[in-house]
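Novice: Got a structure for you, written out below as structure tokens; questions coming shortly.
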Amino acid sequence: MSPDNIRIINHKKAMDAFRQTKEYRDASDAWLVEHPFCEMWLREGIQVKSVLVHHPYKWSYLTTALYIDFKNNGAMAVSSAGHFACHHGLKVCPVCKKNWCPAERDMCKLCWERANPELAEKLVFIREQMKRDINKRRRESRAEFKKKLAQKSGENSGK
Ligand SMILES: [Zn+2]
Ligand SMILES: [Zn+2]
């Protein structure tokens, strides 16, 4: 392992340990009292209890002082589903306000299907057609293989 990697791992361990300290726990508890609702859901006007503080900027992991400076490091109070969404580029669907969808889309898959029923049906049909084609090709190549195998064993037994 390179010295850089070791340094990164040690730093991560130190930050994990810092998260367990009373200092950090008290600060994040206080932040959650001030920001009681998950900010991911709040964008759509829905109140879901926040349970932890998310750090959206990588630089806030550099030192414990930056990490705990919630007022200036862009800290976000989030629910656990909201936290997952933060780390996977998702947001609450602005249409149904129920499902998660990619942050760059304007609605989730279900809402899109509801808004474009004809296109959605066509896509299902195309996908099924593709599946049928693939299965047919698989069956054919398996049959071909068996035939070759039978020929080979026929040749061998003929000797
Ligand atoms: Zn996070
Ligand atoms: Zn939706």
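Note on naming: chains are A, B, ... as they come in the structure tokens, residues start from 1 per chain, ligands start from 1 in the order shown.
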Find the spatial neighbours of Tyr57 (chain A), counting only C-alpha atoms, within a cut-off of 10 Å - ignore same-chain residues fewer than 4 positions away - and output them as a PyMOL selection string.
Specialist: chain A and resi 61+67+73-75
Novice: Produce as a CSV table (one decimal) with N, CA and C atoms, in the first residue's frame the set of residues near ligand 1, where near means within 6 Å with only C-alpha atoms and all ligand atoms considered.
Specialist:
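The result, stored in pocket-v8.csv:
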chain,number,residue,atom,x,y,z
A,54,HIS,N,-25.5,15.3,7.2
A,54,HIS,CA,-24.8,14.9,6.0
A,54,HIS,C,-23.8,16.1,5.6
A,55,HIS,N,-22.6,15.7,5.2
A,55,HIS,CA,-21.6,16.7,4.7
A,55,HIS,C,-21.5,16.7,3.2
A,83,HIS,N,-30.4,10.5,3.4
A,83,HIS,CA,-29.0,10.4,3.4
A,83,HIS,C,-28.5,9.5,2.3
Novice: Using only C-alpha atoms and all ligand atoms, which protein or nucleic acid residues are at most 9 Å from ligand 2, as a list in words?
Specialist: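 Taking only C-alpha atoms and all ligand atoms into account, the residues around ligand 2 at most 9 Å away are Val92, Cys93, Pro94, Val95, Cys96, Lys97, Lys98, Asn99, Trp100, Cys101, Asp106, Met107, Cys108, Lys109, Leu110, Cys111 and Trp112 of chain A.
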Novice: Write to file, as a CSV table (one decimal), in the first residue's frame, the residues of the selection just made, with N, CA and C atoms.
Specialist:
chain,number,residue,atom,x,y,z
A,92,VAL,N,-36.4,13.6,-4.0
A,92,VAL,CA,-37.8,13.2,-3.9
A,92,VAL,C,-38.5,13.6,-5.3
A,93,CYS,N,-39.2,12.7,-5.8
A,93,CYS,CA,-39.9,13.0,-7.1
A,93,CYS,C,-40.8,14.2,-6.9
A,94,PRO,N,-40.6,15.2,-7.7
A,94,PRO,CA,-41.5,16.5,-7.5
A,94,PRO,C,-42.9,16.3,-7.9
A,95,VAL,N,-43.2,15.2,-8.7
A,95,VAL,CA,-44.6,15.0,-9.1
A,95,VAL,C,-45.4,14.2,-8.1
A,96,CYS,N,-45.0,13.0,-7.7
A,96,CYS,CA,-45.8,12.2,-6.8
A,96,CYS,C,-45.4,12.6,-5.3
A,97,LYS,N,-44.2,13.1,-5.1
A,97,LYS,CA,-43.6,13.5,-3.8
A,97,LYS,C,-43.7,12.2,-2.9
A,98,LYS,N,-43.4,11.0,-3.5
A,98,LYS,CA,-43.4,9.8,-2.8
A,98,LYS,C,-42.2,8.9,-3.1
A,99,ASN,N,-41.8,8.8,-4.4
A,99,ASN,CA,-40.7,8.0,-4.7
A,99,ASN,C,-39.4,8.8,-4.9
A,100,TRP,N,-38.3,8.1,-5.0
A,100,TRP,CA,-37.0,8.8,-5.2
A,100,TRP,C,-36.8,8.7,-6.7
A,101,CYS,N,-36.1,9.8,-7.3
A,101,CYS,CA,-35.8,9.7,-8.7
A,101,CYS,C,-34.4,10.4,-8.9
A,106,ASP,N,-37.1,15.1,-14.0
A,106,ASP,CA,-38.2,15.9,-13.4
A,106,ASP,C,-39.3,15.0,-12.8
A,107,MET,N,-39.1,13.6,-12.9
A,107,MET,CA,-40.1,12.8,-12.3
A,107,MET,C,-39.5,11.4,-12.2
A,108,CYS,N,-40.2,10.5,-11.3
A,108,CYS,CA,-39.7,9.2,-11.1
A,108,CYS,C,-40.3,8.3,-12.3
A,109,LYS,N,-39.8,7.1,-12.3
A,109,LYS,CA,-40.2,6.2,-13.4
A,109,LYS,C,-41.7,6.0,-13.5
A,110,LEU,N,-42.3,5.7,-12.3
A,110,LEU,CA,-43.8,5.5,-12.2
A,110,LEU,C,-44.5,6.7,-12.8
A,111,CYS,N,-44.1,7.9,-12.4
A,111,CYS,CA,-44.8,9.1,-12.8
A,111,CYS,C,-44.6,9.3,-14.3
A,112,TRP,N,-43.4,9.0,-14.8
A,112,TRP,CA,-43.2,9.1,-16.3
A,112,TRP,C,-44.1,8.1,-17.0
Novice: Of the candidates A:Ile68, A:Val51, A:Glu140, A:Leu42, which one gets nearest to Lys22 (chain A) if we count only C-alpha atoms?
Specialist: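 Nearest candidate to Lys22 (chain A) out of A:Ile68, A:Val51, A:Glu140, A:Leu42: A:Ile68.
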Novice: Could you work out how far CA of Ala17 (chain A) lies from CA of Asp4 (chain A), giving the answer in Å with one decimal?
Specialist: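 Spanning CA of Asp4 (chain A) to CA of Ala17 (chain A) is a straight-line distance of 19.9 Å.
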Novice: Could you give me, as a ChimeraX atom specification, each residue of region 55-137 of chain A that DSSP assigns to helix (DSSP H, G or I) when run on this structure's backbone?
Specialist: /A:58-61,64-68,80-87,109-115,117-137
Novice: Among chain A, which ones does DSSP assign to strand (DSSP E) (computed from the backbone)? Answer as a PyMOL selection string.
Specialist: chain A and resi 52-54+76-78+90-92+100-102
Novice: Between A:Phe70, A:Ser60, A:Arg43, A:Ile6, which has the minimum distance to Tyr24 (chain A) (counting only C-alpha atoms)?
Specialist: A:Phe70
Novice: What is the CA of Leu32 (chain A)-CA of Lys12 (chain A) distance in Å, reported with one decimal?
Specialist: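 CA of Lys12 (chain A) lies 23.5 Å from CA of Leu32 (chain A).
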Novice: Can you work out which one of A:Ala65, A:Val124, A:Ala14, A:Met76 has the shortest atom-to-atom distance to Glu34 (chain A), counting only C-alpha atoms?
Specialist: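 Of all the options, A:Met76 lies closest to Glu34 (chain A).
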Novice: Using only C-alpha atoms, determine which residues lie at most 12 Å from Ala85 (chain A), disregarding the query and same-chain residues fewer than 2 positions distant; provide the list as a ChimeraX atom specification.
Specialist: /A:38-41,54,56,78-83,87-93,99-103
Novice: Please, what distance in Å, to one decimal, runs between CA of Val53 (chain A) and CA of Phe84 (chain A)?
Specialist: 12.1 Å
